[in-house]
$ cat query.cif   # mmCIF, C-alpha atoms
data_model
#
loop_
_atom_site.label_atom_id
_atom_site.label_comp_id
_atom_site.auth_asym_id
_atom_site.auth_seq_id
_atom_site.Cartn_x
_atom_site.Cartn_y
_atom_site.Cartn_z
CA MET A 560 96.06 -4.33 -17.46
CA SER A 561 95.36 -8.00 -16.75
CA PRO A 562 92.21 -9.07 -14.80
CA PRO A 563 94.23 -9.87 -11.61
CA GLN A 564 95.90 -6.46 -11.81
CA GLN A 565 92.51 -4.80 -12.38
CA GLU A 566 91.09 -6.57 -9.33
CA LEU A 567 94.11 -5.56 -7.22
CA GLU A 568 93.81 -1.93 -8.33
CA SER A 569 90.06 -2.00 -7.64
CA ASN A 570 90.69 -3.33 -4.12
CA ARG A 571 93.26 -0.59 -3.51
CA LEU A 572 90.79 2.05 -4.68
CA VAL A 573 88.07 0.71 -2.40
CA LYS A 574 90.52 0.71 0.54
CA ARG A 575 91.53 4.33 -0.16
CA GLN A 576 87.89 5.41 -0.42
CA THR A 577 87.03 3.60 2.83
CA LEU A 578 89.90 5.26 4.71
CA ARG A 579 88.95 8.65 3.34
CA ARG A 580 85.34 8.22 4.42
CA GLN A 581 86.37 7.03 7.89
CA VAL A 582 88.61 10.05 8.40
CA SER A 583 85.94 12.40 7.04
CA ASP A 584 83.35 10.90 9.40
CA LEU A 585 85.68 11.25 12.41
CA LEU A 586 86.49 14.88 11.64
CA LEU A 587 82.85 15.69 10.95
CA ALA A 588 81.83 14.09 14.27
CA ASP A 589 84.35 16.31 16.10
CA ILE A 590 82.89 19.38 14.40
CA THR A 591 79.16 18.67 14.71
CA SER A 592 79.37 17.30 18.28
CA GLY A 593 80.87 20.51 19.65
CA ARG A 594 84.33 19.13 20.42
CA LEU A 595 85.57 21.63 17.85
CA ARG A 596 83.99 25.08 17.67
CA VAL A 597 83.83 27.79 15.04
CA GLY A 598 87.27 29.41 14.87
CA ASP A 599 89.15 26.42 16.31
CA LYS A 600 92.27 25.43 14.41
CA LEU A 601 92.44 21.89 13.09
CA PRO A 602 95.56 19.86 13.98
CA SER A 603 98.05 19.57 11.15
CA ILE A 604 97.78 16.77 8.62
CA HIS A 605 100.87 15.09 10.06
CA VAL A 606 99.46 15.21 13.61
CA LEU A 607 96.20 13.69 12.38
CA SER A 608 98.18 11.07 10.46
CA ARG A 609 100.00 9.96 13.62
CA ARG A 610 96.82 10.13 15.71
CA HIS A 611 94.87 7.83 13.38
CA ASN A 612 97.90 5.77 12.27
CA ILE A 613 97.24 6.22 8.55
CA SER A 614 98.96 8.01 5.68
CA THR A 615 98.45 11.70 4.99
CA THR A 616 96.69 11.16 1.63
CA PRO A 617 93.21 10.14 2.90
CA ILE A 618 93.42 12.88 5.57
CA ARG A 619 94.25 15.53 2.99
CA THR A 620 91.36 14.33 0.78
CA ALA A 621 88.91 14.30 3.71
CA ILE A 622 89.89 17.84 4.72
CA HIS A 623 89.43 18.99 1.13
CA GLU A 624 85.90 17.50 1.16
CA LEU A 625 84.99 19.28 4.39
CA GLU A 626 86.34 22.54 2.99
CA ALA A 627 84.15 22.09 -0.09
CA SER A 628 81.15 21.44 2.19
CA GLY A 629 81.81 24.66 4.12
CA TYR A 630 82.77 23.09 7.45
CA LEU A 631 86.45 24.03 7.22
CA GLU A 632 88.34 27.04 5.89
CA ARG A 633 91.97 27.01 4.84
CA ARG A 634 93.80 30.23 5.68
CA HIS A 635 96.99 30.67 3.67
CA GLY A 636 100.05 30.42 5.87
CA SER A 637 98.00 29.91 9.02
CA GLY A 638 96.29 26.52 8.79
CA THR A 639 92.78 25.09 8.57
CA TYR A 640 89.98 26.37 10.81
CA VAL A 641 86.43 25.33 11.65
CA GLN A 642 84.10 27.62 9.71
CA MET A 643 80.73 26.17 10.78
CA THR A 644 79.45 23.35 12.99
CA GLN A 645 76.05 22.89 11.36
CA PRO A 646 75.52 22.76 7.60
CA ARG A 647 73.82 25.63 5.81
CA LEU A 648 71.35 23.66 3.76
CA SER A 649 70.07 24.99 0.46
CA MET A 650 68.13 23.50 -2.44
CA GLN A 651 71.46 22.91 -4.17
CA ARG A 652 72.29 20.54 -1.30
CA THR A 653 68.84 18.94 -1.27
CA VAL A 654 68.38 15.33 -2.35
CA MET A 655 64.89 14.28 -3.44
CA LEU A 656 64.09 10.71 -2.36
CA CYS A 657 61.51 9.55 -4.93
CA ILE A 658 60.63 6.32 -3.20
CA GLU A 659 57.77 4.36 -1.63
CA ALA A 660 58.53 5.71 1.83
CA ARG A 661 55.68 3.87 3.59
CA ALA A 662 56.58 0.43 2.24
CA HIS A 663 58.61 -1.77 4.58
CA LEU A 664 61.53 -2.45 2.24
CA TYR A 665 61.84 0.93 0.55
CA GLY A 666 60.91 2.82 3.71
CA GLU A 667 63.93 1.22 5.37
CA LEU A 668 66.11 2.27 2.44
CA ALA A 669 64.75 5.83 2.66
CA THR A 670 65.61 5.91 6.38
CA LEU A 671 69.18 4.72 5.74
CA LEU A 672 69.67 7.22 2.93
CA ALA A 673 68.25 10.11 4.95
CA ALA A 674 70.61 9.42 7.87
CA ASP A 675 73.66 9.16 5.58
CA LEU A 676 72.73 12.31 3.67
CA LEU A 677 72.24 14.39 6.81
CA GLY A 678 75.60 13.16 8.07
CA LYS A 679 77.19 14.63 4.95
CA GLY A 680 75.45 17.98 5.21
CA LEU A 681 72.81 17.16 2.60
CA LEU A 682 69.08 17.62 3.13
CA PRO A 683 66.81 14.68 2.20
CA ALA A 684 63.30 15.48 0.99
CA VAL A 685 60.88 12.59 0.44
CA VAL A 686 58.54 12.43 -2.56
CA ASP A 687 56.31 9.47 -1.73
CA THR A 688 55.64 7.35 -4.84
CA GLN A 689 53.67 4.64 -3.07
CA HIS A 690 50.63 4.82 -5.35
CA GLU A 691 50.17 5.96 -8.93
CA GLU A 692 47.38 8.43 -8.16
CA GLY A 693 48.92 11.90 -8.08
CA ARG A 694 52.44 10.54 -8.57
CA ALA A 695 53.12 12.42 -11.79
CA ALA A 696 52.02 15.74 -10.26
CA ARG A 697 54.22 15.24 -7.19
CA LEU A 698 57.21 14.37 -9.35
CA ALA A 699 56.61 17.36 -11.61
CA GLN A 700 56.61 19.59 -8.54
CA ALA A 701 59.87 18.06 -7.33
CA LEU A 702 61.48 18.47 -10.76
CA ALA A 703 60.46 22.13 -10.77
CA SER A 704 62.56 22.72 -7.63
CA ASP A 705 66.23 23.68 -7.56
CA ALA A 706 67.25 20.32 -6.09
CA ARG A 707 70.35 18.93 -7.75
CA PHE A 708 70.02 15.23 -6.86
CA PHE A 709 67.13 12.79 -7.21
CA ILE A 710 67.28 9.25 -5.85
CA ILE A 711 64.74 7.05 -7.61
CA ARG A 712 63.75 3.44 -7.08
CA GLY A 713 63.95 1.62 -10.38
CA GLU A 714 61.23 2.04 -12.97
CA ALA A 715 58.37 1.61 -10.51
CA SER A 716 58.94 4.82 -8.58
CA LEU A 717 59.50 7.20 -11.42
CA PRO A 718 58.24 7.15 -15.00
CA PHE A 719 61.57 7.54 -16.75
CA GLY A 720 59.78 9.06 -19.74
CA GLN A 721 58.77 12.01 -17.59
CA ILE A 722 62.45 12.91 -17.31
CA ALA A 723 63.57 11.75 -20.76
CA LYS A 724 61.17 14.17 -22.47
CA ALA A 725 62.83 17.18 -20.87
CA SER A 726 66.39 18.36 -20.41
CA PHE A 727 67.85 18.63 -16.92
CA PRO A 728 71.54 19.39 -17.51
CA ASN A 729 72.24 20.38 -13.90
CA ARG A 730 70.37 17.50 -12.26
CA HIS A 731 71.59 14.04 -11.38
CA PHE A 732 69.33 11.01 -11.06
CA ILE A 733 70.48 7.93 -9.15
CA GLY A 734 68.50 4.72 -9.51
CA ALA A 735 68.81 2.83 -6.21
CA ILE A 736 67.65 -0.82 -6.21
CA SER A 737 67.44 -0.34 -9.95
CA TRP A 738 67.93 -2.30 -13.13
CA GLU A 739 68.76 -1.58 -16.73
CA THR A 740 66.09 0.36 -18.57
CA LEU A 741 65.36 0.84 -22.25
CA THR A 742 64.65 4.54 -21.60
CA PRO A 743 68.03 6.24 -21.18
CA PHE A 744 68.24 9.89 -20.25
CA GLN A 745 70.84 12.44 -19.32
CA ASN A 746 72.70 12.20 -16.02
CA LEU A 747 71.23 8.85 -14.95
CA HIS A 748 73.40 6.75 -12.64
CA ARG A 749 72.40 3.36 -11.26
CA VAL A 750 73.03 1.23 -8.20
CA LEU A 751 71.90 -2.04 -9.73
CA SER A 752 70.48 -4.89 -7.70
CA ASP A 753 70.83 -8.36 -9.19
CA TYR A 754 67.16 -9.28 -8.97
CA GLN A 755 67.62 -12.29 -11.24
CA GLY A 756 70.50 -13.50 -9.06
CA GLY A 757 68.28 -13.29 -5.99
CA GLY A 758 65.69 -15.47 -7.70
CA ARG A 759 68.35 -18.01 -8.70
CA LEU A 760 69.52 -18.21 -5.08
CA VAL A 761 66.01 -19.19 -3.99
CA ALA A 762 65.70 -21.83 -6.73
CA GLU A 763 68.98 -23.48 -5.78
CA HIS A 764 68.17 -23.32 -2.06
CA LEU A 765 64.78 -25.01 -2.48
CA TRP A 766 66.17 -27.63 -4.87
CA ASN A 767 69.02 -28.50 -2.50
CA ALA A 768 66.46 -28.80 0.32
CA GLY A 769 64.70 -31.56 -1.65
CA HIS A 770 61.75 -29.62 -3.08
CA ARG A 771 60.69 -30.37 -6.66
CA ARG A 772 57.40 -28.48 -6.99
CA VAL A 773 56.87 -24.94 -5.68
CA LEU A 774 53.88 -22.62 -5.34
CA LEU A 775 54.86 -19.19 -6.67
CA VAL A 776 52.78 -16.37 -5.14
CA GLY A 777 52.83 -12.77 -6.36
CA THR A 778 50.99 -9.90 -7.98
CA PRO A 779 49.62 -10.38 -11.53
CA SER A 780 52.55 -8.48 -13.07
CA MET A 781 55.10 -10.49 -11.06
CA ILE A 782 53.53 -13.81 -12.03
CA GLU A 783 53.33 -12.74 -15.67
CA ALA A 784 57.01 -11.76 -15.70
CA ALA A 785 58.01 -15.07 -14.11
CA ALA A 786 55.98 -17.07 -16.63
CA ASN A 787 57.27 -15.23 -19.70
CA SER A 788 60.19 -17.40 -20.76
CA ALA A 789 60.35 -15.77 -24.20
CA SER A 790 61.66 -12.42 -22.96
CA ARG A 791 64.33 -11.49 -20.44
CA SER A 792 62.95 -9.82 -17.32
CA HIS A 793 64.68 -7.89 -14.54
CA GLN A 794 62.43 -9.42 -11.89
CA HIS A 795 63.53 -12.02 -9.38
CA GLY A 796 60.53 -14.19 -10.27
CA TRP A 797 61.91 -14.55 -13.79
CA GLY A 798 65.35 -15.45 -12.45
CA PHE A 799 63.78 -18.03 -10.14
CA ALA A 800 61.54 -19.59 -12.81
CA ARG A 801 64.36 -19.86 -15.35
CA ARG A 802 66.77 -21.50 -12.88
CA TRP A 803 63.99 -23.72 -11.48
CA ARG A 804 63.26 -25.07 -14.98
CA GLU A 805 66.97 -25.69 -15.58
CA LEU A 806 67.15 -27.74 -12.39
CA GLY A 807 64.11 -29.78 -13.42
CA GLY A 808 61.57 -28.38 -10.95
CA THR A 809 57.92 -27.57 -11.65
CA GLN A 810 55.75 -24.81 -10.25
CA ALA A 811 52.17 -23.78 -9.65
CA THR A 812 51.17 -20.12 -9.36
CA LEU A 813 48.78 -18.14 -7.18
CA THR A 814 47.93 -14.49 -7.81
CA SER A 815 47.60 -11.93 -5.04
CA HIS A 816 45.57 -8.75 -5.39
CA TRP A 817 45.98 -5.42 -3.66
CA VAL A 818 42.87 -4.21 -1.86
CA PRO A 819 42.73 -0.76 -0.17
CA GLY A 820 42.81 -1.24 3.59
CA ASP A 821 43.76 -4.93 3.37
CA ASP A 822 47.07 -4.67 1.48
CA VAL A 823 46.93 -8.14 -0.07
CA LEU A 824 43.97 -10.39 -0.79
CA LEU A 825 44.42 -14.10 -1.50
CA ASP A 826 41.83 -16.64 -2.57
CA GLU A 827 41.94 -18.69 0.63
CA GLN A 828 40.18 -21.67 -0.90
CA GLY A 829 42.58 -21.46 -3.82
CA VAL A 830 45.53 -21.62 -1.42
CA VAL A 831 44.21 -24.78 0.24
CA ALA A 832 43.25 -26.35 -3.11
CA ALA A 833 46.77 -25.78 -4.46
CA PHE A 834 48.11 -28.32 -1.95
CA ARG A 835 45.69 -31.12 -2.76
CA GLY A 836 46.59 -34.09 -4.95
CA THR A 837 49.68 -36.14 -5.61
CA LYS A 838 51.48 -33.28 -7.40
CA ALA A 839 51.01 -30.76 -4.60
CA PRO A 840 53.82 -28.24 -4.00
CA THR A 841 56.06 -28.84 -1.01
CA ALA A 842 57.27 -25.24 -0.75
CA ILE A 843 56.05 -21.67 -1.18
CA PHE A 844 58.07 -18.83 -2.71
CA GLY A 845 56.36 -15.49 -2.21
CA LEU A 846 57.75 -12.88 -4.58
CA ARG A 847 57.47 -10.52 -1.62
CA ASP A 848 57.67 -11.38 2.07
CA LEU A 849 54.11 -10.09 2.26
CA GLU A 850 52.75 -12.84 -0.02
CA THR A 851 54.58 -15.57 1.87
CA TRP A 852 53.24 -14.30 5.19
CA HIS A 853 49.64 -14.17 3.93
CA THR A 854 49.89 -17.66 2.39
CA GLN A 855 51.35 -19.05 5.61
CA THR A 856 48.55 -17.39 7.60
CA VAL A 857 45.87 -18.95 5.39
CA LEU A 858 47.41 -22.42 5.82
CA LEU A 859 47.68 -21.98 9.59
CA ARG A 860 44.00 -21.12 9.67
CA HIS A 861 42.69 -23.84 7.35
CA ALA A 862 45.37 -26.59 7.38
CA PRO A 863 47.72 -26.15 10.37
CA LYS A 864 49.38 -29.57 9.98
CA LEU A 865 50.18 -28.80 6.35
CA ALA A 866 51.55 -25.39 7.33
CA ASP A 867 54.13 -27.04 9.59
CA SER A 868 55.52 -29.18 6.76
CA ILE A 869 55.72 -26.61 3.95
CA GLY A 870 58.99 -24.90 3.02
CA LEU A 871 58.66 -21.11 3.05
CA VAL A 872 60.80 -18.44 1.38
CA GLY A 873 60.04 -14.74 0.94
CA TYR A 874 61.80 -11.80 -0.67
CA GLY A 875 62.99 -8.56 0.90
CA ASN A 876 63.85 -9.44 4.52
CA THR A 877 61.09 -7.17 5.84
CA PRO A 878 59.20 -7.41 9.15
CA TRP A 879 56.74 -9.75 7.40
CA SER A 880 59.29 -12.59 7.24
CA GLN A 881 60.37 -11.94 10.82
CA ALA A 882 56.72 -12.01 12.03
CA GLY A 883 55.89 -15.39 10.47
CA HIS A 884 54.77 -18.35 12.59
CA PRO A 885 57.49 -19.47 12.55
CA PRO A 886 59.67 -16.78 10.89
CA PHE A 887 60.64 -17.89 7.40
CA SER A 888 63.70 -17.63 5.16
CA THR A 889 63.98 -14.69 2.80
CA VAL A 890 66.27 -12.80 0.44
CA ASP A 891 68.08 -9.72 1.78
CA LEU A 892 68.91 -7.00 -0.76
CA ASP A 893 71.70 -5.56 1.45
CA LEU A 894 70.15 -2.11 1.81
CA PRO A 895 73.11 -0.64 3.79
CA HIS A 896 75.43 -1.49 0.88
CA ILE A 897 72.98 0.05 -1.60
CA ALA A 898 72.73 3.22 0.52
CA ASP A 899 76.53 3.38 0.78
CA GLN A 900 77.01 3.04 -2.99
CA THR A 901 74.36 5.71 -3.58
CA LEU A 902 76.11 8.12 -1.22
CA ARG A 903 79.47 7.45 -2.88
CA MET A 904 77.94 8.47 -6.21
CA ILE A 905 76.64 11.73 -4.75
CA GLU A 906 80.01 12.46 -3.14
CA ALA A 907 81.75 11.96 -6.50
CA LEU A 908 79.23 14.21 -8.26
CA LEU A 909 79.74 16.91 -5.63
CA GLU A 910 83.42 16.81 -6.59
CA ASN A 911 82.43 17.16 -10.27
CA GLN A 912 83.48 13.60 -11.03
CA SER A 913 81.40 11.19 -13.09
CA PRO A 914 80.95 8.02 -11.01
CA PRO A 915 80.84 4.69 -12.85
CA ASP A 916 77.84 2.47 -12.19
CA PRO A 917 78.98 -0.24 -9.74
CA PRO A 918 78.43 -3.88 -10.70
CA PRO A 919 75.01 -5.31 -9.74
CA LEU A 920 74.82 -6.07 -6.03
CA LEU A 921 73.93 -9.70 -5.41
CA PRO A 922 71.36 -10.23 -2.63
CA HIS A 923 71.92 -12.98 -0.07
CA LEU A 924 69.74 -15.58 1.59
CA VAL A 925 68.70 -15.21 5.21
CA LEU A 926 67.92 -18.72 6.46
CA ARG A 927 65.52 -19.12 9.34
#

$ encode --input "query.cif" --output "structure tokens"
Amino acid sequence: MSPPQQELESNRLVKRQTLRRQVSDLLLADITSGRLRVGDKLPSIHVLSRRHNISTTPIRTAIHELEASGYLERRHGSGTYVQMTQPRLSMQRTVMLCIEARAHLYGELATLLAADLLGKGLLPAVVDTQHEEGRAARLAQALASDARFFIIRGEASLPFGQIAKASFPNRHFIGAISWETLTPFQNLHRVLSDYQGGGRLVAEHLWNAGHRRVLLVGTPSMIEAAANSASRSHQHGWGFARRWRELGGTQATLTSHWVPGDDVLLDEQGVVAAFRGTKAPTAIFGLRDLETWHTQTVLLRHAPKLADSIGLVGYGNTPWSQAGHPPFSTVDLDLPHIADQTLRMIEALLENQSPPDPPPLLPHLVLR
């Protein structure tokens, strides 16, 4: 099959899946809202086809899904009837969200996933992986449960080795906002985010805006990854630094440190000093929105005129970028799309299909 034919077939598949999900959502809404009650007979497939002005295939598939979930029951020779209006949730239909639930970015993803999962009759259970202390014990407890699905957030949320050392033949692990790892293990599926692509977007945006020297602000590990040109990194700082060098730009760096109770600590004098001299940066790229916000706040306090003239870009499209003075541009990871792809994987696995990993999702710039 030629590339154009492959693309056409892929588009057709996406369209069929979208129609099927729309029909499934409409039928499920009728059932869970009370418009249909236990024992009510569902209209025939042909009636539903005319009502929604679509073919019978996605309707038949959607009904099959709802039968598998226990909402509908097919009675031979009689039709399809509502069997239950609220899902009977068990550990087999529990999805463990191993994610930093209190962080702005990943907390938003957890909220989106939880809503989608509940809508499909699945029970989300959060295992907070915000800090390393006690993380291994919490994960071990989750793995000891009968839950079938685990949604993990890249390598940071879950030590892959903890899973790779054991065998979990009946479990499925989905890496949301993930990247390729050198530690493969059984039943791992990924929704990859193109971190490097997000960094390249920032580099090209700042270059096109006339900036030639940038202050890169991030945690020690982020700055180290961005500076390590010898090895390929999954991080957006690495993608930015590589593209920035290709364009001919230069950069200075500033390290942020996490302090309990204060979130991020910056050397305020170091921030001001970074903008002195003839080779001072004209823009700031915080490797998280949080770093950009703190750097902007320091400049507003110590050098307000300078703060008004500096270009600002963050990463994550969190409330930090929206709360800036003024709000600053950022990179959006498209969390709804990530949540949708994750749910599609779980739906396929529930039907005993092996879902392919989708291509990396490219973030997009939010200009403010």

$ resolve_selection --input "query.cif" --expression "the PyMOL selection byres ((chain A and resi 705) around 12)" --output "ChimeraX atom specification"
/A:649-655,700-704,706-709,727,729-731

$ atom_distance --input "query.cif" --atom1 "CA of Leu775 in chain A" --atom2 "CA of Thr812 in chain A"
4.7 Å

$ residues_around --input "query.cif" --residues "Ser880 in chain A" --least-positions-apart "4" --cutoff "12 Å" --atoms "all atoms listed in the file" --output "PyMOL selection string"
chain A and resi 663-664+844-856+871-876+884-891+925-927

$ resolve_selection --input "query.cif" --expression "the PyMOL selection byres ((chain A and resi 686) around 8)" --output "list of chain:residue names"
A:Met655, A:Leu656, A:Cys657, A:Ile658, A:Ala684, A:Val685, A:Asp687, A:Thr688, A:Arg697, A:Leu698, A:Ala701

$ resolve_selection --input "query.cif" --expression "the PyMOL selection byres ((chain A and resi 861) around 12)" --output "JSON, numbers by chain"
{"A": [827, 828, 829, 830, 831, 832, 834, 854, 855, 856, 857, 858, 859, 860, 862, 863, 864, 865, 866]}

$ closest_residue --input "query.cif" --among "A:Val761, A:Ile711, A:Ala786, A:Ile843" --to "Leu672 in chain A" --atoms "all atoms listed in the file"
A:Ile711

$ closest_residue --input "query.cif" --among "A:Tyr640, A:Tyr665, A:Trp766, A:Trp817" --to "Pro779 in chain A" --atoms "all atoms listed in the file"
A:Trp817

$ residues_near_point --input "query.cif" --point "(66.5, -22.1, -8.1)" --cutoff "10 Å" --atoms "all atoms listed in the file" --output "list of chain:residue names"
A:Gly756, A:Gly757, A:Gly758, A:Arg759, A:Leu760, A:Val761, A:Ala762, A:Glu763, A:His764, A:Leu765, A:Trp766, A:Asn767, A:Gly798, A:Phe799, A:Ala800, A:Arg801, A:Arg802, A:Trp803, A:Arg804, A:Glu805, A:Leu806, A:Gly807, A:Gly808

$ atom_distance --input "query.cif" --atom1 "CA of Lys679 in chain A" --atom2 "CA of Gly734 in chain A"
19.6 Å

$ residues_around --input "query.cif" --residues "Gln755 in chain A" --least-positions-apart "6" --cutoff "8 Å" --atoms "only C-alpha atoms" --output "list in words"
His793, Gln794, His795, Gly796, Trp797, Gly798 and Phe799 of chain A

$ residues_around --input "query.cif" --residues "Leu625 in chain A" --least-positions-apart "6" --cutoff "12 Å" --atoms "all atoms listed in the file" --output "PyMOL selection string"
chain A and resi 579-580+582-588+590-591+601+618-619+631-633+639-646+678-680+906+909-910

$ closest_residue --input "query.cif" --among "A:His748, A:Arg634, A:His923, A:His605" --to "Ala907 in chain A" --atoms "only C-alpha atoms"
A:His748

$ residues_near_point --input "query.cif" --point "(79.1, 3.0, -15.9)" --cutoff "10 Å" --atoms "all atoms listed in the file" --output "ChimeraX atom specification"
/A:747-750,913-918

$ closest_residue --input "query.cif" --among "A:Met904, A:Ile897, A:Leu751, A:Ile604" --to "Leu671 in chain A" --atoms "only C-alpha atoms"
A:Ile897
